[in-house]
Amino acid sequence: AQTVTQSQPEMSVQEAETVTLSCTYDTSESDYYLFWYKQPPSRQMILVIRQEAYKQQNATENRFSVNFQKAAKSFSLKISDSQLGDAAMYFCAYRSNTGNQFYFGTGTSLTVIP
Amino acid sequence: SAVISQKPSRDICQRGTSLTIQCQVDSQVTMMFWYRQQPGQSLTLIATANQGSEATYESGFVIDKFPISRPNLTFSTLTVSNMSPEDSSIYLCSVEESPSAGELFFGEGSRLTVL
């Protein structure tokens, strides 16, 4: 089974600064999806950004961008101009293109310091 | 994106009882998924619920403990049976709106505390 590893259980960032959350994964597949989800204290998981493995261009959504390194099996999330509302648990997730099973990392708790 | 409503939002239950969690989606979806998130942990897939067929359970989860219903394309229930304190978790319903889109959408979760 695929595994997703988030090596940073906790991170903190000063408001307005930039922070990068790390994620690595293990797979033998060539076609797949990668996601970052945000789970604020309200509990609802919200999709932040997605990346298709066949796309070389890194995905960007406003202040959120990824650094997708397919050969290294790395998928980091960069949050620019951090805001207090960015404080949450962030989960990296993998999904094969041939199945519907999602694999989630253990999460990184992000604190934003005013 | 799909809007997913879960009930109850939270509950406190006694050991040995059972509780049914409801998940309602505002659009028809083929695949519905039930996840468990134990305190401070990541998400673990319990089962996949397809309309018109029995749910498919992941390793470590059995139908007798977590019976699932999927009567139509917008609704599903998960029952946590004969609860013990170890079942204290957040239970999340999620859907795949479009297989080509790839992502999951989640309900707000149901936080169960078993005393």
# chains A, B, ... in the order shown; residues from 1 in each chain; ligands from 1

call {"tool": "interface_residues", "arguments": {"of": "chain B", "to": "chain A", "cutoff": "6 Å", "atoms": "only C-alpha atoms", "output": "list in words"}}
result
Ser42, Phe106 and Glu108 of chain B

call {"tool": "write_last_selection", "arguments": {"atoms": "N, CA and C atoms", "output": "mmCIF file, in the first residue's frame"}}
result
data_model
loop_
_atom_site.group_PDB
_atom_site.id
_atom_site.type_symbol
_atom_site.label_atom_id
_atom_site.label_comp_id
_atom_site.auth_asym_id
_atom_site.auth_seq_id
_atom_site.Cartn_x
_atom_site.Cartn_y
_atom_site.Cartn_z
ATOM 1 N N SER B 42 -4.486 10.632 12.194
ATOM 2 C CA SER B 42 -4.898 10.863 10.817
ATOM 3 C C SER B 42 -6.212 10.136 10.532
ATOM 4 N N PHE B 106 -15.782 16.451 2.346
ATOM 5 C CA PHE B 106 -16.058 15.893 3.667
ATOM 6 C C PHE B 106 -17.215 16.607 4.347
ATOM 7 N N GLU B 108 -18.845 17.595 8.205
ATOM 8 C CA GLU B 108 -18.217 18.253 9.345
ATOM 9 C C GLU B 108 -17.785 17.257 10.406
#

call {"tool": "residues_around", "arguments": {"residues": "stretch 62-71 of chain B", "least_positions_apart": "4", "cutoff": "12 Å", "atoms": "only C-alpha atoms", "output": "tab-separated table (two decimals) with all heavy atoms, in the first residue's frame"}}
result
chain	number	residue	atom	x	y	z
B	16	GLY	N	-21.46	-0.04	25.49
B	16	GLY	CA	-22.39	-1.10	25.16
B	16	GLY	C	-23.57	-0.68	24.29
B	16	GLY	O	-24.29	-1.53	23.77
B	17	THR	N	-23.75	0.61	24.13
B	17	THR	CA	-24.86	1.07	23.29
B	17	THR	C	-24.39	1.23	21.84
B	17	THR	O	-23.21	1.06	21.53
B	17	THR	CB	-25.40	2.40	23.80
B	17	THR	OG1	-24.38	3.41	23.72
B	17	THR	CG2	-25.87	2.28	25.24
B	18	SER	N	-25.32	1.54	20.98
B	18	SER	CA	-25.02	1.75	19.56
B	18	SER	C	-25.52	3.12	19.14
B	18	SER	O	-26.48	3.64	19.69
B	18	SER	CB	-25.70	0.67	18.70
B	18	SER	OG	-25.22	-0.61	19.03
B	19	LEU	N	-24.87	3.68	18.16
B	19	LEU	CA	-25.24	5.00	17.66
B	19	LEU	C	-25.16	5.00	16.14
B	19	LEU	O	-24.21	4.48	15.56
B	19	LEU	CB	-24.32	6.09	18.21
B	19	LEU	CG	-24.70	7.50	17.77
B	19	LEU	CD1	-25.85	8.02	18.64
B	19	LEU	CD2	-23.50	8.45	17.88
B	20	THR	N	-26.15	5.60	15.52
B	20	THR	CA	-26.17	5.70	14.06
B	20	THR	C	-25.90	7.13	13.63
B	20	THR	O	-26.55	8.07	14.11
B	20	THR	CB	-27.52	5.23	13.51
B	20	THR	OG1	-27.68	3.83	13.79
B	20	THR	CG2	-27.57	5.42	11.99
B	21	ILE	N	-24.95	7.28	12.73
B	21	ILE	CA	-24.58	8.58	12.17
B	21	ILE	C	-25.17	8.68	10.77
B	21	ILE	O	-25.05	7.74	9.98
B	21	ILE	CB	-23.05	8.73	12.12
B	21	ILE	CG1	-22.45	8.55	13.51
B	21	ILE	CG2	-22.67	10.08	11.53
B	21	ILE	CD1	-20.94	8.36	13.50
B	22	GLN	N	-25.76	9.80	10.50
B	22	GLN	CA	-26.37	10.01	9.19
B	22	GLN	C	-25.54	10.96	8.35
B	22	GLN	O	-24.96	11.92	8.86
B	22	GLN	CB	-27.78	10.59	9.36
B	22	GLN	CG	-28.73	9.72	10.13
B	22	GLN	CD	-30.10	10.33	10.27
B	22	GLN	OE1	-30.39	11.42	9.76
B	22	GLN	NE2	-30.98	9.65	10.96
B	23	CYS	N	-25.53	10.69	7.07
B	23	CYS	CA	-24.79	11.54	6.12
B	23	CYS	C	-25.70	11.82	4.93
B	23	CYS	O	-26.14	10.89	4.25
B	23	CYS	CB	-23.52	10.84	5.68
B	23	CYS	SG	-22.56	11.76	4.47
B	24	GLN	N	-25.96	13.10	4.71
B	24	GLN	CA	-26.83	13.54	3.63
B	24	GLN	C	-26.05	14.43	2.67
B	24	GLN	O	-25.39	15.38	3.11
B	24	GLN	CB	-28.03	14.32	4.18
B	24	GLN	CG	-29.00	14.84	3.12
B	24	GLN	CD	-29.88	13.73	2.57
B	24	GLN	OE1	-30.53	12.99	3.30
B	24	GLN	NE2	-29.89	13.59	1.25
B	25	VAL	N	-26.14	14.13	1.38
B	25	VAL	CA	-25.43	14.91	0.37
B	25	VAL	C	-26.45	15.65	-0.49
B	25	VAL	O	-27.54	15.11	-0.75
B	25	VAL	CB	-24.56	14.00	-0.52
B	25	VAL	CG1	-23.66	14.83	-1.43
B	25	VAL	CG2	-23.72	13.07	0.33
B	28	GLN	N	-26.44	13.74	-6.12
B	28	GLN	CA	-26.27	12.29	-6.23
B	28	GLN	C	-24.80	11.94	-6.45
B	28	GLN	O	-24.15	12.54	-7.32
B	28	GLN	CB	-27.12	11.76	-7.39
B	28	GLN	CG	-28.62	11.89	-7.14
B	28	GLN	CD	-29.45	11.24	-8.24
B	28	GLN	OE1	-28.97	11.04	-9.35
B	28	GLN	NE2	-30.69	10.90	-7.92
B	29	VAL	N	-24.32	11.04	-5.68
B	29	VAL	CA	-22.93	10.61	-5.79
B	29	VAL	C	-22.86	9.10	-5.78
B	29	VAL	O	-23.65	8.43	-5.12
B	29	VAL	CB	-22.05	11.18	-4.63
B	29	VAL	CG1	-21.94	12.69	-4.75
B	29	VAL	CG2	-22.61	10.78	-3.28
B	30	THR	N	-21.90	8.57	-6.51
B	30	THR	CA	-21.76	7.11	-6.58
B	30	THR	C	-21.07	6.57	-5.33
B	30	THR	O	-21.53	5.62	-4.71
B	30	THR	CB	-20.97	6.72	-7.84
B	30	THR	OG1	-21.64	7.25	-8.98
B	30	THR	CG2	-20.85	5.22	-7.95
B	31	MET	N	-19.96	7.19	-4.99
B	31	MET	CA	-19.15	6.66	-3.92
B	31	MET	C	-19.28	7.51	-2.66
B	31	MET	O	-19.16	8.73	-2.71
B	31	MET	CB	-17.67	6.65	-4.34
B	31	MET	CG	-17.39	6.01	-5.69
B	31	MET	SD	-17.53	4.23	-5.60
B	31	MET	CE	-15.94	3.83	-4.89
B	32	MET	N	-19.55	6.85	-1.56
B	32	MET	CA	-19.51	7.52	-0.25
B	32	MET	C	-18.55	6.72	0.63
B	32	MET	O	-18.49	5.50	0.56
B	32	MET	CB	-20.90	7.58	0.38
B	32	MET	CG	-21.85	8.47	-0.40
B	32	MET	SD	-23.49	8.60	0.33
B	32	MET	CE	-23.19	9.71	1.69
B	33	PHE	N	-17.82	7.45	1.44
B	33	PHE	CA	-16.79	6.84	2.27
B	33	PHE	C	-16.99	7.24	3.73
B	33	PHE	O	-17.35	8.38	4.02
B	33	PHE	CB	-15.40	7.31	1.81
B	33	PHE	CG	-15.12	7.11	0.35
B	33	PHE	CD1	-15.43	8.10	-0.56
B	33	PHE	CD2	-14.55	5.93	-0.10
B	33	PHE	CE1	-15.18	7.91	-1.92
B	33	PHE	CE2	-14.30	5.75	-1.46
B	33	PHE	CZ	-14.62	6.74	-2.37
B	34	TRP	N	-16.67	6.32	4.59
B	34	TRP	CA	-16.70	6.60	6.03
B	34	TRP	C	-15.29	6.46	6.59
B	34	TRP	O	-14.64	5.42	6.40
B	34	TRP	CB	-17.64	5.64	6.75
B	34	TRP	CG	-19.09	5.96	6.49
B	34	TRP	CD1	-19.92	5.34	5.59
B	34	TRP	CD2	-19.88	6.94	7.15
B	34	TRP	NE1	-21.17	5.91	5.64
B	34	TRP	CE2	-21.17	6.90	6.60
B	34	TRP	CE3	-19.62	7.88	8.15
B	34	TRP	CZ2	-22.21	7.74	7.02
B	34	TRP	CZ3	-20.64	8.72	8.56
B	34	TRP	CH2	-21.92	8.64	8.01
B	35	TYR	N	-14.85	7.52	7.25
B	35	TYR	CA	-13.52	7.54	7.86
B	35	TYR	C	-13.64	7.68	9.38
B	35	TYR	O	-14.58	8.25	9.90
B	35	TYR	CB	-12.70	8.74	7.34
B	35	TYR	CG	-12.15	8.57	5.96
B	35	TYR	CD1	-12.90	8.90	4.83
B	35	TYR	CD2	-10.85	8.09	5.76
B	35	TYR	CE1	-12.37	8.76	3.56
B	35	TYR	CE2	-10.32	7.95	4.48
B	35	TYR	CZ	-11.09	8.28	3.40
B	35	TYR	OH	-10.57	8.14	2.13
B	36	ARG	N	-12.63	7.20	10.05
B	36	ARG	CA	-12.51	7.41	11.49
B	36	ARG	C	-11.23	8.21	11.74
B	36	ARG	O	-10.19	7.94	11.15
B	36	ARG	CB	-12.44	6.07	12.24
B	36	ARG	CG	-12.34	6.23	13.76
B	36	ARG	CD	-12.44	4.89	14.45
B	36	ARG	NE	-11.22	4.12	14.30
B	36	ARG	CZ	-11.06	2.89	14.79
B	36	ARG	NH1	-12.05	2.31	15.44
B	36	ARG	NH2	-9.93	2.25	14.62
B	45	LEU	N	-9.72	4.88	6.71
B	45	LEU	CA	-10.94	4.50	5.99
B	45	LEU	C	-11.57	3.29	6.65
B	45	LEU	O	-10.92	2.27	6.85
B	45	LEU	CB	-10.61	4.19	4.53
B	45	LEU	CG	-11.79	3.80	3.63
B	45	LEU	CD1	-12.78	4.96	3.50
B	45	LEU	CD2	-11.29	3.37	2.26
B	46	ILE	N	-12.85	3.42	6.97
B	46	ILE	CA	-13.60	2.30	7.54
B	46	ILE	C	-14.17	1.45	6.42
B	46	ILE	O	-13.98	0.24	6.37
B	46	ILE	CB	-14.75	2.80	8.43
B	46	ILE	CG1	-14.21	3.58	9.63
B	46	ILE	CG2	-15.63	1.63	8.90
B	46	ILE	CD1	-15.29	4.29	10.44
B	47	ALA	N	-14.89	2.11	5.51
B	47	ALA	CA	-15.57	1.37	4.45
B	47	ALA	C	-16.01	2.31	3.34
B	47	ALA	O	-16.13	3.51	3.54
B	47	ALA	CB	-16.79	0.63	5.00
B	48	THR	N	-16.26	1.70	2.20
B	48	THR	CA	-16.80	2.40	1.04
B	48	THR	C	-18.23	1.93	0.84
B	48	THR	O	-18.49	0.71	0.80
B	48	THR	CB	-15.97	2.10	-0.21
B	48	THR	OG1	-14.62	2.49	0.04
B	48	THR	CG2	-16.51	2.84	-1.41
B	49	ALA	N	-19.14	2.87	0.69
B	49	ALA	CA	-20.55	2.53	0.56
B	49	ALA	C	-21.05	2.89	-0.84
B	49	ALA	O	-21.01	4.06	-1.24
B	49	ALA	CB	-21.37	3.29	1.61
B	50	ASN	N	-21.48	1.89	-1.56
B	50	ASN	CA	-22.07	2.10	-2.87
B	50	ASN	C	-23.56	1.80	-2.80
B	50	ASN	O	-23.98	0.86	-2.12
B	50	ASN	CB	-21.43	1.19	-3.92
B	50	ASN	CG	-19.98	1.55	-4.15
B	50	ASN	OD1	-19.61	2.71	-4.07
B	50	ASN	ND2	-19.16	0.56	-4.43
B	51	GLN	N	-24.33	2.56	-3.51
B	51	GLN	CA	-25.77	2.35	-3.52
B	51	GLN	C	-26.11	1.03	-4.20
B	51	GLN	O	-25.59	0.72	-5.27
B	51	GLN	CB	-26.47	3.52	-4.23
B	51	GLN	CG	-27.97	3.53	-4.02
B	51	GLN	CD	-28.74	2.89	-5.16
B	51	GLN	OE1	-28.22	2.78	-6.26
B	51	GLN	NE2	-29.96	2.47	-4.92
B	52	GLY	N	-26.93	0.24	-3.53
B	52	GLY	CA	-27.39	-1.00	-4.13
B	52	GLY	C	-26.51	-2.20	-3.88
B	52	GLY	O	-26.81	-3.30	-4.38
B	53	SER	N	-25.46	-2.03	-3.13
B	53	SER	CA	-24.60	-3.17	-2.83
B	53	SER	C	-24.07	-3.06	-1.41
B	53	SER	O	-24.16	-1.99	-0.80
B	53	SER	CB	-23.44	-3.26	-3.82
B	53	SER	OG	-22.62	-2.12	-3.72
B	54	GLU	N	-23.52	-4.14	-0.94
B	54	GLU	CA	-22.96	-4.11	0.42
B	54	GLU	C	-21.72	-3.24	0.46
B	54	GLU	O	-20.96	-3.17	-0.51
B	54	GLU	CB	-22.60	-5.53	0.86
B	54	GLU	CG	-23.79	-6.30	1.42
B	54	GLU	CD	-23.35	-7.50	2.26
B	54	GLU	OE1	-22.14	-7.67	2.49
B	54	GLU	OE2	-24.23	-8.27	2.66
B	55	ALA	N	-21.51	-2.64	1.59
B	55	ALA	CA	-20.32	-1.82	1.77
B	55	ALA	C	-19.07	-2.68	1.73
B	55	ALA	O	-19.09	-3.86	2.09
B	55	ALA	CB	-20.41	-1.06	3.08
B	56	THR	N	-17.99	-2.06	1.30
B	56	THR	CA	-16.69	-2.74	1.27
B	56	THR	C	-15.87	-2.24	2.45
B	56	THR	O	-15.57	-1.04	2.53
B	56	THR	CB	-15.96	-2.43	-0.04
B	56	THR	OG1	-16.77	-2.85	-1.13
B	56	THR	CG2	-14.62	-3.16	-0.08
B	57	TYR	N	-15.49	-3.14	3.34
B	57	TYR	CA	-14.80	-2.77	4.58
B	57	TYR	C	-13.30	-2.93	4.44
B	57	TYR	O	-12.81	-3.87	3.79
B	57	TYR	CB	-15.32	-3.62	5.74
B	57	TYR	CG	-16.72	-3.25	6.14
B	57	TYR	CD1	-17.83	-3.76	5.46
B	57	TYR	CD2	-16.96	-2.36	7.19
B	57	TYR	CE1	-19.12	-3.40	5.81
B	57	TYR	CE2	-18.24	-2.00	7.56
B	57	TYR	CZ	-19.32	-2.51	6.86
B	57	TYR	OH	-20.60	-2.15	7.20
B	58	GLU	N	-12.59	-2.05	5.08
B	58	GLU	CA	-11.14	-2.12	5.12
B	58	GLU	C	-10.70	-3.10	6.20
B	58	GLU	O	-11.46	-3.45	7.11
B	58	GLU	CB	-10.54	-0.73	5.35
B	58	GLU	CG	-10.87	0.26	4.25
B	58	GLU	CD	-10.36	-0.18	2.89
B	58	GLU	OE1	-9.16	-0.52	2.79
B	58	GLU	OE2	-11.15	-0.19	1.94
B	75	PHE	N	-27.66	9.51	0.41
B	75	PHE	CA	-27.77	9.27	1.85
B	75	PHE	C	-27.06	7.99	2.25
B	75	PHE	O	-27.07	6.98	1.52
B	75	PHE	CB	-29.25	9.19	2.23
B	75	PHE	CG	-29.50	9.11	3.71
B	75	PHE	CD1	-29.42	10.24	4.51
B	75	PHE	CD2	-29.84	7.90	4.30
B	75	PHE	CE1	-29.65	10.18	5.87
B	75	PHE	CE2	-30.09	7.82	5.67
B	75	PHE	CZ	-30.00	8.97	6.44
B	76	SER	N	-26.45	8.02	3.44
B	76	SER	CA	-25.84	6.84	4.00
B	76	SER	C	-25.84	6.95	5.52
B	76	SER	O	-25.91	8.05	6.08
B	76	SER	CB	-24.39	6.69	3.50
B	76	SER	OG	-23.77	5.55	4.08
B	77	THR	N	-25.82	5.81	6.18
B	77	THR	CA	-25.68	5.80	7.62
B	77	THR	C	-24.56	4.85	8.02
B	77	THR	O	-24.31	3.85	7.35
B	77	THR	CB	-26.97	5.36	8.35
B	77	THR	OG1	-27.24	4.00	8.06
B	77	THR	CG2	-28.15	6.23	7.95
B	78	LEU	N	-23.90	5.19	9.11
B	78	LEU	CA	-22.90	4.35	9.74
B	78	LEU	C	-23.33	4.14	11.18
B	78	LEU	O	-23.60	5.10	11.89
B	78	LEU	CB	-21.53	5.02	9.71
B	78	LEU	CG	-20.44	4.36	10.56
B	78	LEU	CD1	-19.94	3.09	9.90
B	78	LEU	CD2	-19.27	5.32	10.80
B	79	THR	N	-23.42	2.89	11.59
B	79	THR	CA	-23.74	2.58	12.98
B	79	THR	C	-22.49	2.08	13.67
B	79	THR	O	-21.78	1.23	13.13
B	79	THR	CB	-24.86	1.53	13.07
B	79	THR	OG1	-26.04	2.05	12.44
B	79	THR	CG2	-25.17	1.19	14.52
B	80	VAL	N	-22.23	2.62	14.83
B	80	VAL	CA	-21.14	2.12	15.67
B	80	VAL	C	-21.81	1.28	16.76
B	80	VAL	O	-22.56	1.82	17.60
B	80	VAL	CB	-20.30	3.25	16.28
B	80	VAL	CG1	-19.09	2.68	17.02
B	80	VAL	CG2	-19.85	4.21	15.19
B	81	SER	N	-21.57	-0.02	16.72
B	81	SER	CA	-22.32	-0.95	17.58
B	81	SER	C	-21.54	-1.33	18.82
B	81	SER	O	-20.30	-1.36	18.82
B	81	SER	CB	-22.64	-2.23	16.79
B	81	SER	OG	-23.36	-1.95	15.62
B	82	ASN	N	-22.28	-1.60	19.88
B	82	ASN	CA	-21.68	-2.11	21.11
B	82	ASN	C	-20.42	-1.30	21.45
B	82	ASN	O	-19.33	-1.83	21.56
B	82	ASN	CB	-21.35	-3.59	20.97
B	82	ASN	CG	-20.89	-4.21	22.27
B	82	ASN	OD1	-21.22	-3.73	23.36
B	82	ASN	ND2	-20.12	-5.27	22.18
B	83	MET	N	-20.60	-0.02	21.62
B	83	MET	CA	-19.47	0.89	21.75
B	83	MET	C	-18.66	0.68	23.02
B	83	MET	O	-19.19	0.32	24.08
B	83	MET	CB	-19.97	2.34	21.69
B	83	MET	CG	-20.35	2.77	20.28
B	83	MET	SD	-20.80	4.48	20.18
B	83	MET	CE	-22.44	4.43	20.91
B	84	SER	N	-17.39	0.92	22.87
B	84	SER	CA	-16.45	0.93	24.00
B	84	SER	C	-15.69	2.25	23.95
B	84	SER	O	-15.72	2.95	22.93
B	84	SER	CB	-15.49	-0.25	23.90
B	84	SER	OG	-14.65	-0.10	22.78
B	87	ASP	N	-13.82	3.39	20.89
B	87	ASP	CA	-14.54	3.90	19.73
B	87	ASP	C	-14.70	5.42	19.75
B	87	ASP	O	-15.25	6.00	18.80
B	87	ASP	CB	-15.93	3.25	19.64
B	87	ASP	CG	-15.86	1.76	19.37
B	87	ASP	OD1	-15.01	1.34	18.57
B	87	ASP	OD2	-16.65	1.00	19.98
B	91	TYR	N	-16.01	10.66	13.40
B	91	TYR	CA	-16.37	9.86	12.24
B	91	TYR	C	-16.76	10.82	11.12
B	91	TYR	O	-17.61	11.69	11.29
B	91	TYR	CB	-17.51	8.90	12.59
B	91	TYR	CG	-17.05	7.83	13.56
B	91	TYR	CD1	-17.06	8.08	14.94
B	91	TYR	CD2	-16.58	6.60	13.11
B	91	TYR	CE1	-16.61	7.13	15.83
B	91	TYR	CE2	-16.14	5.64	14.01
B	91	TYR	CZ	-16.15	5.90	15.35
B	91	TYR	OH	-15.70	4.95	16.24
B	93	CYS	N	-17.89	11.47	7.11
B	93	CYS	CA	-18.48	11.02	5.86
B	93	CYS	C	-17.84	11.82	4.73
B	93	CYS	O	-17.62	13.04	4.87
B	93	CYS	CB	-19.99	11.26	5.89
B	93	CYS	SG	-20.83	10.98	4.33

call {"tool": "atom_distance", "arguments": {"atom1": "atom CA of A:Trp36", "atom2": "atom CA of A:Ser76"}}
result
8.9 Å

call {"tool": "closest_residue", "arguments": {"among": "B:Ser59, B:Glu86, B:Val3, B:Leu112", "to": "B:Ser27", "atoms": "only C-alpha atoms"}}
result
B:Val3

call {"tool": "atom_distance", "arguments": {"atom1": "atom CA of A:Val19", "atom2": "atom CA of A:Gly85"}}
result
14.0 Å

call {"tool": "decode", "arguments": {"residues": "stretch 27-47 of chain A", "atoms": "N, CA and C atoms", "output": "PDB file, in the first residue's frame"}}
result
ATOM      1  N   THR A  27       5.244   5.239  -3.739  1.00  0.00           N
ATOM      2  CA  THR A  27       4.369   4.578  -4.687  1.00  0.00           C
ATOM      3  C   THR A  27       5.186   4.043  -5.844  1.00  0.00           C
ATOM      4  N   SER A  28       4.647   3.019  -6.487  1.00  0.00           N
ATOM      5  CA  SER A  28       5.261   2.494  -7.700  1.00  0.00           C
ATOM      6  C   SER A  28       4.452   2.896  -8.932  1.00  0.00           C
ATOM      7  N   GLU A  29       3.398   3.666  -8.701  1.00  0.00           N
ATOM      8  CA  GLU A  29       2.541   4.084  -9.798  1.00  0.00           C
ATOM      9  C   GLU A  29       3.095   5.345 -10.451  1.00  0.00           C
ATOM     10  N   SER A  30       2.693   5.562 -11.685  1.00  0.00           N
ATOM     11  CA  SER A  30       3.159   6.739 -12.407  1.00  0.00           C
ATOM     12  C   SER A  30       2.083   7.816 -12.518  1.00  0.00           C
ATOM     13  N   ASP A  31       0.842   7.408 -12.332  1.00  0.00           N
ATOM     14  CA  ASP A  31      -0.262   8.353 -12.478  1.00  0.00           C
ATOM     15  C   ASP A  31      -1.089   8.364 -11.201  1.00  0.00           C
ATOM     16  N   TYR A  32      -1.219   9.536 -10.611  1.00  0.00           N
ATOM     17  CA  TYR A  32      -1.909   9.616  -9.328  1.00  0.00           C
ATOM     18  C   TYR A  32      -2.231  11.079  -9.034  1.00  0.00           C
ATOM     19  N   TYR A  33      -2.952  11.277  -7.957  1.00  0.00           N
ATOM     20  CA  TYR A  33      -3.281  12.619  -7.492  1.00  0.00           C
ATOM     21  C   TYR A  33      -2.649  12.846  -6.116  1.00  0.00           C
ATOM     22  N   LEU A  34      -2.319  14.078  -5.866  1.00  0.00           N
ATOM     23  CA  LEU A  34      -1.854  14.482  -4.539  1.00  0.00           C
ATOM     24  C   LEU A  34      -2.675  15.675  -4.073  1.00  0.00           C
ATOM     25  N   PHE A  35      -2.925  15.715  -2.784  1.00  0.00           N
ATOM     26  CA  PHE A  35      -3.774  16.766  -2.235  1.00  0.00           C
ATOM     27  C   PHE A  35      -3.194  17.277  -0.919  1.00  0.00           C
ATOM     28  N   TRP A  36      -3.525  18.507  -0.628  1.00  0.00           N
ATOM     29  CA  TRP A  36      -3.380  19.040   0.719  1.00  0.00           C
ATOM     30  C   TRP A  36      -4.769  19.437   1.208  1.00  0.00           C
ATOM     31  N   TYR A  37      -5.088  18.918   2.391  1.00  0.00           N
ATOM     32  CA  TYR A  37      -6.344  19.260   3.046  1.00  0.00           C
ATOM     33  C   TYR A  37      -6.039  20.018   4.320  1.00  0.00           C
ATOM     34  N   LYS A  38      -6.955  20.912   4.658  1.00  0.00           N
ATOM     35  CA  LYS A  38      -6.863  21.699   5.879  1.00  0.00           C
ATOM     36  C   LYS A  38      -8.016  21.306   6.793  1.00  0.00           C
ATOM     37  N   GLN A  39      -7.699  21.080   8.062  1.00  0.00           N
ATOM     38  CA  GLN A  39      -8.741  20.775   9.035  1.00  0.00           C
ATOM     39  C   GLN A  39      -8.636  21.742  10.195  1.00  0.00           C
ATOM     40  N   PRO A  40      -9.441  22.795  10.183  1.00  0.00           N
ATOM     41  CA  PRO A  40      -9.437  23.757  11.291  1.00  0.00           C
ATOM     42  C   PRO A  40     -10.103  23.143  12.517  1.00  0.00           C
ATOM     43  N   PRO A  41     -10.082  23.835  13.631  1.00  0.00           N
ATOM     44  CA  PRO A  41     -10.708  23.293  14.843  1.00  0.00           C
ATOM     45  C   PRO A  41     -12.183  22.939  14.669  1.00  0.00           C
ATOM     46  N   SER A  42     -12.833  23.535  13.701  1.00  0.00           N
ATOM     47  CA  SER A  42     -14.239  23.191  13.442  1.00  0.00           C
ATOM     48  C   SER A  42     -14.389  21.782  12.887  1.00  0.00           C
ATOM     49  N   ARG A  43     -13.297  21.157  12.521  1.00  0.00           N
ATOM     50  CA  ARG A  43     -13.224  19.751  12.119  1.00  0.00           C
ATOM     51  C   ARG A  43     -13.418  19.478  10.634  1.00  0.00           C
ATOM     52  N   GLN A  44     -14.121  20.352   9.914  1.00  0.00           N
ATOM     53  CA  GLN A  44     -14.396  20.006   8.527  1.00  0.00           C
ATOM     54  C   GLN A  44     -13.141  20.057   7.684  1.00  0.00           C
ATOM     55  N   MET A  45     -12.892  18.984   6.986  1.00  0.00           N
ATOM     56  CA  MET A  45     -11.742  18.903   6.083  1.00  0.00           C
ATOM     57  C   MET A  45     -12.048  19.700   4.826  1.00  0.00           C
ATOM     58  N   ILE A  46     -11.120  20.573   4.484  1.00  0.00           N
ATOM     59  CA  ILE A  46     -11.302  21.441   3.325  1.00  0.00           C
ATOM     60  C   ILE A  46     -10.135  21.233   2.379  1.00  0.00           C
ATOM     61  N   LEU A  47     -10.436  21.042   1.107  1.00  0.00           N
ATOM     62  CA  LEU A  47      -9.378  20.887   0.121  1.00  0.00           C
ATOM     63  C   LEU A  47      -8.663  22.218  -0.075  1.00  0.00           C
TER      64      LEU A  47
END
